[in-house]
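Data block for protein-v4.cif (mmCIF, C-alpha atoms):
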```cif
data_protein
loop_
_atom_site.label_atom_id
_atom_site.label_comp_id
_atom_site.auth_asym_id
_atom_site.auth_seq_id
_atom_site.Cartn_x
_atom_site.Cartn_y
_atom_site.Cartn_z
CA ASN A 13 187.17 152.51 51.19
CA ILE A 14 186.07 155.16 53.68
CA TYR A 15 183.13 157.44 52.87
CA LEU A 16 182.78 160.77 54.66
CA ALA A 17 179.81 163.12 54.84
CA GLU A 18 181.51 166.53 54.80
CA HIS A 19 178.55 168.57 55.91
CA LYS A 20 180.14 172.02 55.78
CA LYS A 21 181.42 171.34 52.25
CA HIS A 22 178.08 169.85 51.15
CA ARG A 23 179.62 166.73 49.71
CA VAL A 24 180.49 163.07 50.28
CA THR A 25 184.04 161.92 49.61
CA LYS A 26 185.54 158.47 49.19
CA TRP A 27 189.01 157.74 50.51
CA ALA A 28 190.69 154.63 49.12
CA PRO A 29 193.19 152.70 51.29
CA GLY A 30 196.54 154.49 51.39
CA SER A 31 195.29 157.58 49.57
CA THR A 32 196.38 161.09 50.54
CA GLU A 33 193.24 162.80 49.30
CA GLY A 34 189.62 161.95 48.77
CA GLU A 35 187.42 161.77 45.70
CA VAL A 36 184.10 163.62 45.60
CA VAL A 37 181.38 161.03 44.89
CA ALA A 38 178.27 163.12 45.65
CA GLY A 39 177.46 166.81 45.84
CA GLY A 40 180.08 169.52 46.20
CA VAL A 41 177.79 172.52 45.75
CA GLN A 42 175.21 173.60 48.31
CA GLY A 43 171.66 173.50 46.99
CA SER A 44 168.44 171.55 46.63
CA GLY A 45 168.87 170.15 43.12
CA LEU A 46 169.53 166.46 42.57
CA SER A 47 173.21 167.18 41.92
CA ASN A 48 173.46 169.16 45.17
CA LEU A 49 173.55 168.49 48.88
CA ASN A 50 172.80 170.77 51.83
CA ASP A 51 174.61 169.90 55.06
CA PRO A 52 174.81 166.10 54.58
CA SER A 53 175.08 164.44 57.98
CA GLY A 54 175.01 160.69 57.37
CA VAL A 55 176.19 158.24 54.72
CA PHE A 56 175.64 154.52 54.13
CA VAL A 57 177.09 152.44 51.28
CA ASP A 58 175.42 149.16 50.33
CA SER A 59 177.03 146.03 48.86
CA SER A 60 176.45 147.33 45.31
CA GLY A 61 178.25 150.59 45.98
CA ASN A 62 175.10 152.72 46.12
CA ILE A 63 175.53 155.71 48.42
CA PHE A 64 172.61 156.71 50.66
CA ILE A 65 172.94 160.19 52.14
CA GLY A 66 171.06 161.91 54.95
CA ASP A 67 170.73 165.30 53.21
CA SER A 68 169.93 167.10 56.43
CA LYS A 69 168.82 170.59 55.43
CA ASN A 70 167.03 169.36 52.33
CA PHE A 71 164.99 167.08 54.64
CA ARG A 72 165.50 164.02 52.46
CA VAL A 73 167.56 160.92 51.82
CA VAL A 74 169.16 160.65 48.40
CA LYS A 75 170.69 157.67 46.66
CA TRP A 76 173.70 158.10 44.39
CA GLU A 77 174.61 155.13 42.23
CA PRO A 78 178.30 154.47 41.48
CA GLY A 79 179.65 157.07 39.05
CA ALA A 80 176.40 159.08 38.98
CA SER A 81 176.41 162.86 38.54
CA GLU A 82 173.20 163.30 40.51
CA GLY A 83 171.14 161.42 43.04
CA SER A 84 167.53 160.32 43.34
CA ILE A 85 165.24 161.00 46.30
CA VAL A 86 164.40 157.79 48.18
CA ALA A 87 162.85 159.29 51.34
CA GLY A 88 161.40 162.67 52.23
CA GLY A 89 161.93 165.58 49.86
CA ASN A 90 158.52 167.05 50.67
CA GLY A 91 159.70 169.89 52.84
CA GLN A 92 160.32 169.91 56.57
CA GLY A 93 157.49 168.45 58.64
CA ASN A 94 156.18 165.56 60.71
CA ALA A 95 153.85 163.89 58.19
CA LEU A 96 154.83 160.36 57.19
CA ASN A 97 156.09 161.60 53.80
CA GLN A 98 158.29 164.23 55.45
CA LEU A 99 161.48 164.40 57.48
CA SER A 100 162.96 167.01 59.81
CA TRP A 101 166.76 167.27 60.19
CA THR A 102 167.78 164.01 58.56
CA TYR A 103 170.84 162.44 60.14
CA LYS A 104 172.21 158.90 60.05
CA VAL A 105 170.86 156.35 57.61
CA ASN A 106 171.08 152.54 57.71
CA VAL A 107 169.94 150.31 54.85
CA HIS A 108 168.79 146.74 55.51
CA SER A 109 169.73 144.02 53.01
CA SER A 110 166.08 144.02 51.87
CA GLY A 111 166.50 147.63 50.70
CA ASP A 112 164.45 149.13 53.53
CA ILE A 113 165.91 152.43 54.70
CA TYR A 114 166.02 153.31 58.40
CA ILE A 115 166.45 157.01 59.16
CA ALA A 116 167.23 158.99 62.31
CA ASP A 117 164.61 161.73 61.91
CA GLU A 118 166.01 163.98 64.63
CA GLY A 119 163.61 166.91 64.47
CA ASN A 120 160.62 164.58 64.76
CA ASP A 121 162.04 162.54 67.67
CA ARG A 122 161.65 159.29 65.79
CA ILE A 123 163.21 156.57 63.67
CA VAL A 124 161.38 155.92 60.42
CA LYS A 125 161.55 153.09 57.91
CA TRP A 126 161.02 153.70 54.19
CA GLU A 127 160.55 150.58 52.11
CA SER A 128 162.07 150.58 48.65
CA GLY A 129 159.89 152.66 46.33
CA ALA A 130 157.57 153.85 49.11
CA SER A 131 156.01 157.32 49.05
CA GLN A 132 155.98 157.58 52.84
CA GLY A 133 157.64 156.06 55.86
CA VAL A 134 156.57 154.04 58.89
CA VAL A 135 157.53 155.05 62.43
CA VAL A 136 159.51 152.22 64.05
CA ALA A 137 160.80 153.99 67.18
CA GLY A 138 159.58 157.01 69.10
CA GLY A 139 157.42 159.53 67.34
CA THR A 140 154.78 159.56 70.07
CA GLY A 141 154.31 163.31 69.77
CA ASP A 142 155.95 163.84 73.15
CA ILE A 143 159.58 164.28 74.10
CA GLY A 144 161.53 163.66 77.28
CA PHE A 145 161.68 160.74 79.66
CA GLY A 146 160.23 159.30 82.82
CA LYS A 147 161.73 159.27 86.27
CA GLY A 148 164.59 157.10 87.50
CA ASP A 149 164.02 153.42 86.84
CA GLN A 150 160.73 154.19 85.09
CA ASP A 151 162.30 155.66 81.95
CA ASP A 152 159.62 155.99 79.29
CA LEU A 153 160.67 153.53 76.60
CA THR A 154 158.01 154.62 74.11
CA ARG A 155 159.98 157.80 73.41
CA VAL A 156 163.26 158.94 71.91
CA LYS A 157 164.50 162.51 71.95
CA MET A 158 166.42 164.02 69.02
CA PRO A 159 168.21 160.86 67.79
CA ARG A 160 171.06 161.35 65.33
CA GLY A 161 172.17 157.74 64.94
CA VAL A 162 170.67 154.37 64.09
CA TYR A 163 171.98 150.86 63.48
CA VAL A 164 169.84 147.96 62.19
CA ASN A 165 170.97 144.34 62.01
CA GLU A 166 169.69 141.55 59.77
CA ASP A 167 167.07 140.60 62.38
CA ARG A 168 165.73 144.18 62.21
CA GLU A 169 166.80 144.98 65.74
CA ILE A 170 167.09 148.76 65.83
CA TYR A 171 169.77 150.30 68.05
CA VAL A 172 169.12 153.97 68.81
CA PRO A 173 171.49 156.43 70.54
CA ASP A 174 168.71 158.31 72.33
CA ARG A 175 170.76 161.46 72.35
CA GLU A 176 169.11 163.86 74.76
CA ASN A 177 168.01 161.03 77.06
CA ASN A 178 171.67 159.89 77.30
CA ARG A 179 170.92 156.22 76.74
CA ILE A 180 171.02 153.46 74.12
CA VAL A 181 167.68 151.81 73.41
CA LEU A 182 166.98 148.64 71.41
CA TRP A 183 163.74 148.52 69.45
CA LYS A 184 162.44 145.56 67.47
CA ASP A 185 160.73 146.47 64.21
CA GLY A 186 156.97 146.36 64.79
CA GLU A 187 157.06 146.89 68.57
CA THR A 188 155.78 150.01 70.32
CA LYS A 189 158.47 150.38 72.97
CA GLY A 190 162.16 149.74 73.30
CA GLN A 191 164.39 148.21 75.95
CA LEU A 192 167.36 149.78 77.68
CA ILE A 193 170.82 148.62 76.59
CA THR A 194 172.65 151.10 78.82
CA LYS A 195 171.59 152.59 82.14
CA GLY A 196 168.67 155.01 82.23
CA LYS A 197 169.05 158.76 82.27
CA ASP A 198 169.47 159.22 86.05
CA SER A 199 172.56 156.99 86.21
CA SER A 200 173.84 157.07 82.64
CA PRO A 201 177.58 157.46 81.95
CA LEU A 202 176.75 158.76 78.47
CA ASN A 203 176.61 162.42 77.53
CA ASN A 204 174.97 163.18 74.17
CA PRO A 205 175.51 159.86 72.33
CA THR A 206 175.26 160.52 68.59
CA GLY A 207 176.49 157.44 66.73
CA ILE A 208 176.41 153.67 67.08
CA PHE A 209 177.75 150.53 65.41
CA VAL A 210 177.21 146.88 66.34
CA ASP A 211 179.71 144.30 65.12
CA LYS A 212 179.06 140.68 64.10
CA ILE A 213 179.51 139.31 67.61
CA GLY A 214 177.20 141.89 69.15
CA ASP A 215 179.73 144.32 70.62
CA ILE A 216 178.36 147.86 70.59
CA TYR A 217 180.45 150.94 69.76
CA ILE A 218 179.06 154.32 70.83
CA VAL A 219 180.12 157.84 69.87
CA ASP A 220 179.82 159.54 73.27
CA GLN A 221 180.12 163.04 71.89
CA ASP A 222 180.22 165.36 74.90
CA ASN A 223 182.54 162.98 76.78
CA SER A 224 184.87 163.12 73.74
CA ARG A 225 185.22 159.35 73.47
CA VAL A 226 184.10 156.15 71.76
CA GLU A 227 182.97 153.34 74.06
#
```
Translate this file's structure into structure tokens.
Amino acid sequence: NIYLAEHKKHRVTKWAPGSTEGEVVAGGVQGSGLSNLNDPSGVFVDSSGNIFIGDSKNFRVVKWEPGASEGSIVAGGNGQGNALNQLSWTYKVNVHSSGDIYIADEGNDRIVKWESGASQGVVVAGGTGDIGFGKGDQDDLTRVKMPRGVYVNEDREIYVPDRENNRIVLWKDGETKGQLITKGKDSSPLNNPTGIFVDKIGDIYIVDQDNSRVE
């Protein structure tokens, strides 16, 4: 099954193999209620069929169980802001097998982790309070700038498309700086990378948005 976050229609749809139309599985009406979504921009489905949605303009992540008519807030939902219980422009979401939720918190220039049942998150990448990058080979690896994507593997290695720095950075949960996976900003072939996926053998797939390609 393929799940799509249709942000302009404020809904998530599921498309079964061979189908000619999708089924609405979350949202469908713009709003801030638990049955509504507002510009959803990321979706993740776990092994139990639970749907985790980056509900961007509601500044929250919501979880919809299979067949549910409304979701529950599992991260954010306390208005837009940079406190640890807040999010700002919520984009892609990745859920570890432990239930920990990793969120690309674009407006706060950070990746945050919310443990199951937590009332606030923990910054695991970026979020230094500054934005931008260093010079040439001295790219500042304590920062990310407006990330929209995140991928986390079982070893809690966090791959971040550092969108406005035009690079991919690998962070390990608990560390205070990342390491470059692609070239730094002065020699990067990327232009506004927004999405990422890493397969079981470690190959990395990047949505290179402004170059109109996947690498």
Among listed residues A:Val135, A:Val57, A:Ala28, A:Ala80, nearest Gly111 in chain A (using all atoms listed in the file): A:Val57
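The residue that comes closest to Trp27 in chain A, out of A:Ser59, A:Ile14, A:Gly138, A:Glu227 and on the basis of all atoms listed in the file, is A:Ile14.
Pairwise distance (CA of Ser109 in chain A, CA of Tyr15 in chain A) equals 19.0 Å.
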Using the chain letters and residue numbers of this document, give as a PDB file with C-alpha atoms, keeping the file's coordinate frame the residues selected by the PyMOL selection byres ((chain A and resi 66) around 12).
```
ATOM      1  CA  LEU A  16     182.780 160.770  54.660  1.00  0.00           C
ATOM      2  CA  ALA A  17     179.810 163.120  54.840  1.00  0.00           C
ATOM      3  CA  GLU A  18     181.510 166.530  54.800  1.00  0.00           C
ATOM      4  CA  HIS A  19     178.550 168.570  55.910  1.00  0.00           C
ATOM      5  CA  HIS A  22     178.080 169.850  51.150  1.00  0.00           C
ATOM      6  CA  ARG A  23     179.620 166.730  49.710  1.00  0.00           C
ATOM      7  CA  VAL A  24     180.490 163.070  50.280  1.00  0.00           C
ATOM      8  CA  ALA A  38     178.270 163.120  45.650  1.00  0.00           C
ATOM      9  CA  LEU A  49     173.550 168.490  48.880  1.00  0.00           C
ATOM     10  CA  ASN A  50     172.800 170.770  51.830  1.00  0.00           C
ATOM     11  CA  ASP A  51     174.610 169.900  55.060  1.00  0.00           C
ATOM     12  CA  PRO A  52     174.810 166.100  54.580  1.00  0.00           C
ATOM     13  CA  SER A  53     175.080 164.440  57.980  1.00  0.00           C
ATOM     14  CA  GLY A  54     175.010 160.690  57.370  1.00  0.00           C
ATOM     15  CA  VAL A  55     176.190 158.240  54.720  1.00  0.00           C
ATOM     16  CA  PHE A  56     175.640 154.520  54.130  1.00  0.00           C
ATOM     17  CA  VAL A  57     177.090 152.440  51.280  1.00  0.00           C
ATOM     18  CA  ILE A  63     175.530 155.710  48.420  1.00  0.00           C
ATOM     19  CA  PHE A  64     172.610 156.710  50.660  1.00  0.00           C
ATOM     20  CA  ILE A  65     172.940 160.190  52.140  1.00  0.00           C
ATOM     21  CA  ASP A  67     170.730 165.300  53.210  1.00  0.00           C
ATOM     22  CA  SER A  68     169.930 167.100  56.430  1.00  0.00           C
ATOM     23  CA  LYS A  69     168.820 170.590  55.430  1.00  0.00           C
ATOM     24  CA  ASN A  70     167.030 169.360  52.330  1.00  0.00           C
ATOM     25  CA  PHE A  71     164.990 167.080  54.640  1.00  0.00           C
ATOM     26  CA  ARG A  72     165.500 164.020  52.460  1.00  0.00           C
ATOM     27  CA  VAL A  73     167.560 160.920  51.820  1.00  0.00           C
ATOM     28  CA  VAL A  74     169.160 160.650  48.400  1.00  0.00           C
ATOM     29  CA  LYS A  75     170.690 157.670  46.660  1.00  0.00           C
ATOM     30  CA  TRP A  76     173.700 158.100  44.390  1.00  0.00           C
ATOM     31  CA  GLY A  83     171.140 161.420  43.040  1.00  0.00           C
ATOM     32  CA  ILE A  85     165.240 161.000  46.300  1.00  0.00           C
ATOM     33  CA  VAL A  86     164.400 157.790  48.180  1.00  0.00           C
ATOM     34  CA  ALA A  87     162.850 159.290  51.340  1.00  0.00           C
ATOM     35  CA  GLY A  88     161.400 162.670  52.230  1.00  0.00           C
ATOM     36  CA  GLY A  89     161.930 165.580  49.860  1.00  0.00           C
ATOM     37  CA  LEU A  99     161.480 164.400  57.480  1.00  0.00           C
ATOM     38  CA  SER A 100     162.960 167.010  59.810  1.00  0.00           C
ATOM     39  CA  TRP A 101     166.760 167.270  60.190  1.00  0.00           C
ATOM     40  CA  THR A 102     167.780 164.010  58.560  1.00  0.00           C
ATOM     41  CA  TYR A 103     170.840 162.440  60.140  1.00  0.00           C
ATOM     42  CA  LYS A 104     172.210 158.900  60.050  1.00  0.00           C
ATOM     43  CA  VAL A 105     170.860 156.350  57.610  1.00  0.00           C
ATOM     44  CA  ASN A 106     171.080 152.540  57.710  1.00  0.00           C
ATOM     45  CA  VAL A 107     169.940 150.310  54.850  1.00  0.00           C
ATOM     46  CA  ILE A 113     165.910 152.430  54.700  1.00  0.00           C
ATOM     47  CA  TYR A 114     166.020 153.310  58.400  1.00  0.00           C
ATOM     48  CA  ILE A 115     166.450 157.010  59.160  1.00  0.00           C
ATOM     49  CA  ALA A 116     167.230 158.990  62.310  1.00  0.00           C
ATOM     50  CA  ASP A 117     164.610 161.730  61.910  1.00  0.00           C
ATOM     51  CA  GLU A 118     166.010 163.980  64.630  1.00  0.00           C
ATOM     52  CA  ARG A 160     171.060 161.350  65.330  1.00  0.00           C
ATOM     53  CA  GLY A 161     172.170 157.740  64.940  1.00  0.00           C
ATOM     54  CA  VAL A 162     170.670 154.370  64.090  1.00  0.00           C
TER      55      VAL A 162
END
```
Among listed residues A:Gly79, A:Gly40, A:Gly61, A:Pro173, nearest Leu202 in chain A (using all atoms listed in the file): A:Pro173
Mind telling me what the PyMOL selection byres ((chain A and resi 191) around 9) catches here, as a CSV table (one decimal) with C-alpha atoms, in the coordinates of the input?
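Saved to selection10.csv:
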```
chain,number,residue,atom,x,y,z
A,153,LEU,CA,160.7,153.5,76.6
A,180,ILE,CA,171.0,153.5,74.1
A,181,VAL,CA,167.7,151.8,73.4
A,182,LEU,CA,167.0,148.6,71.4
A,183,TRP,CA,163.7,148.5,69.4
A,189,LYS,CA,158.5,150.4,73.0
A,190,GLY,CA,162.2,149.7,73.3
A,192,LEU,CA,167.4,149.8,77.7
A,193,ILE,CA,170.8,148.6,76.6
```
Rebuild range 42-56 of chain A so that it carries N, CA, C and O atoms, then output the result as a PDB file, keeping the file's coordinate frame.
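Okay, selection.pdb is ready:
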```pdb
ATOM      1  N   GLN A  42     176.395 173.500  47.471  1.00  0.00           N
ATOM      2  CA  GLN A  42     175.210 173.600  48.310  1.00  0.00           C
ATOM      3  C   GLN A  42     173.979 173.942  47.476  1.00  0.00           C
ATOM      4  O   GLN A  42     174.013 174.812  46.617  1.00  0.00           O
ATOM      5  N   GLY A  43     172.889 173.225  47.717  1.00  0.00           N
ATOM      6  CA  GLY A  43     171.660 173.500  46.990  1.00  0.00           C
ATOM      7  C   GLY A  43     170.652 172.399  47.187  1.00  0.00           C
ATOM      8  O   GLY A  43     170.886 171.437  47.933  1.00  0.00           O
ATOM      9  N   SER A  44     169.527 172.525  46.489  1.00  0.00           N
ATOM     10  CA  SER A  44     168.440 171.550  46.630  1.00  0.00           C
ATOM     11  C   SER A  44     168.202 170.730  45.378  1.00  0.00           C
ATOM     12  O   SER A  44     167.297 169.891  45.349  1.00  0.00           O
ATOM     13  N   GLY A  45     168.999 170.957  44.336  1.00  0.00           N
ATOM     14  CA  GLY A  45     168.870 170.150  43.120  1.00  0.00           C
ATOM     15  C   GLY A  45     169.378 168.736  43.354  1.00  0.00           C
ATOM     16  O   GLY A  45     170.024 168.433  44.368  1.00  0.00           O
ATOM     17  N   LEU A  46     169.130 167.856  42.412  1.00  0.00           N
ATOM     18  CA  LEU A  46     169.530 166.460  42.570  1.00  0.00           C
ATOM     19  C   LEU A  46     171.036 166.252  42.456  1.00  0.00           C
ATOM     20  O   LEU A  46     171.538 165.187  42.816  1.00  0.00           O
ATOM     21  N   SER A  47     171.751 167.264  41.947  1.00  0.00           N
ATOM     22  CA  SER A  47     173.210 167.180  41.920  1.00  0.00           C
ATOM     23  C   SER A  47     173.838 167.853  43.140  1.00  0.00           C
ATOM     24  O   SER A  47     175.065 167.863  43.271  1.00  0.00           O
ATOM     25  N   ASN A  48     172.988 168.402  44.010  1.00  0.00           N
ATOM     26  CA  ASN A  48     173.460 169.160  45.170  1.00  0.00           C
ATOM     27  C   ASN A  48     173.150 168.448  46.477  1.00  0.00           C
ATOM     28  O   ASN A  48     172.294 167.573  46.540  1.00  0.00           O
ATOM     29  N   LEU A  49     173.852 168.878  47.513  1.00  0.00           N
ATOM     30  CA  LEU A  49     173.550 168.490  48.880  1.00  0.00           C
ATOM     31  C   LEU A  49     173.522 169.744  49.741  1.00  0.00           C
ATOM     32  O   LEU A  49     174.099 170.778  49.361  1.00  0.00           O
ATOM     33  N   ASN A  50     172.880 169.632  50.909  1.00  0.00           N
ATOM     34  CA  ASN A  50     172.800 170.770  51.830  1.00  0.00           C
ATOM     35  C   ASN A  50     173.003 170.247  53.247  1.00  0.00           C
ATOM     36  O   ASN A  50     172.080 169.724  53.852  1.00  0.00           O
ATOM     37  N   ASP A  51     174.242 170.342  53.714  1.00  0.00           N
ATOM     38  CA  ASP A  51     174.610 169.900  55.060  1.00  0.00           C
ATOM     39  C   ASP A  51     174.388 168.397  55.246  1.00  0.00           C
ATOM     40  O   ASP A  51     173.693 167.975  56.166  1.00  0.00           O
ATOM     41  N   PRO A  52     174.980 167.543  54.401  1.00  0.00           N
ATOM     42  CA  PRO A  52     174.810 166.100  54.580  1.00  0.00           C
ATOM     43  C   PRO A  52     175.410 165.640  55.901  1.00  0.00           C
ATOM     44  O   PRO A  52     176.524 166.027  56.251  1.00  0.00           O
ATOM     45  N   SER A  53     174.665 164.805  56.623  1.00  0.00           N
ATOM     46  CA  SER A  53     175.080 164.440  57.980  1.00  0.00           C
ATOM     47  C   SER A  53     175.171 162.940  58.220  1.00  0.00           C
ATOM     48  O   SER A  53     175.487 162.519  59.323  1.00  0.00           O
ATOM     49  N   GLY A  54     174.886 162.130  57.215  1.00  0.00           N
ATOM     50  CA  GLY A  54     175.010 160.690  57.370  1.00  0.00           C
ATOM     51  C   GLY A  54     175.212 160.042  56.016  1.00  0.00           C
ATOM     52  O   GLY A  54     174.708 160.539  55.008  1.00  0.00           O
ATOM     53  N   VAL A  55     175.944 158.933  55.983  1.00  0.00           N
ATOM     54  CA  VAL A  55     176.190 158.240  54.720  1.00  0.00           C
ATOM     55  C   VAL A  55     176.227 156.733  54.981  1.00  0.00           C
ATOM     56  O   VAL A  55     176.750 156.280  56.011  1.00  0.00           O
ATOM     57  N   PHE A  56     175.626 155.973  54.066  1.00  0.00           N
ATOM     58  CA  PHE A  56     175.640 154.520  54.130  1.00  0.00           C
ATOM     59  C   PHE A  56     175.891 153.999  52.723  1.00  0.00           C
ATOM     60  O   PHE A  56     175.274 154.477  51.764  1.00  0.00           O
TER      61      PHE A  56
END
```
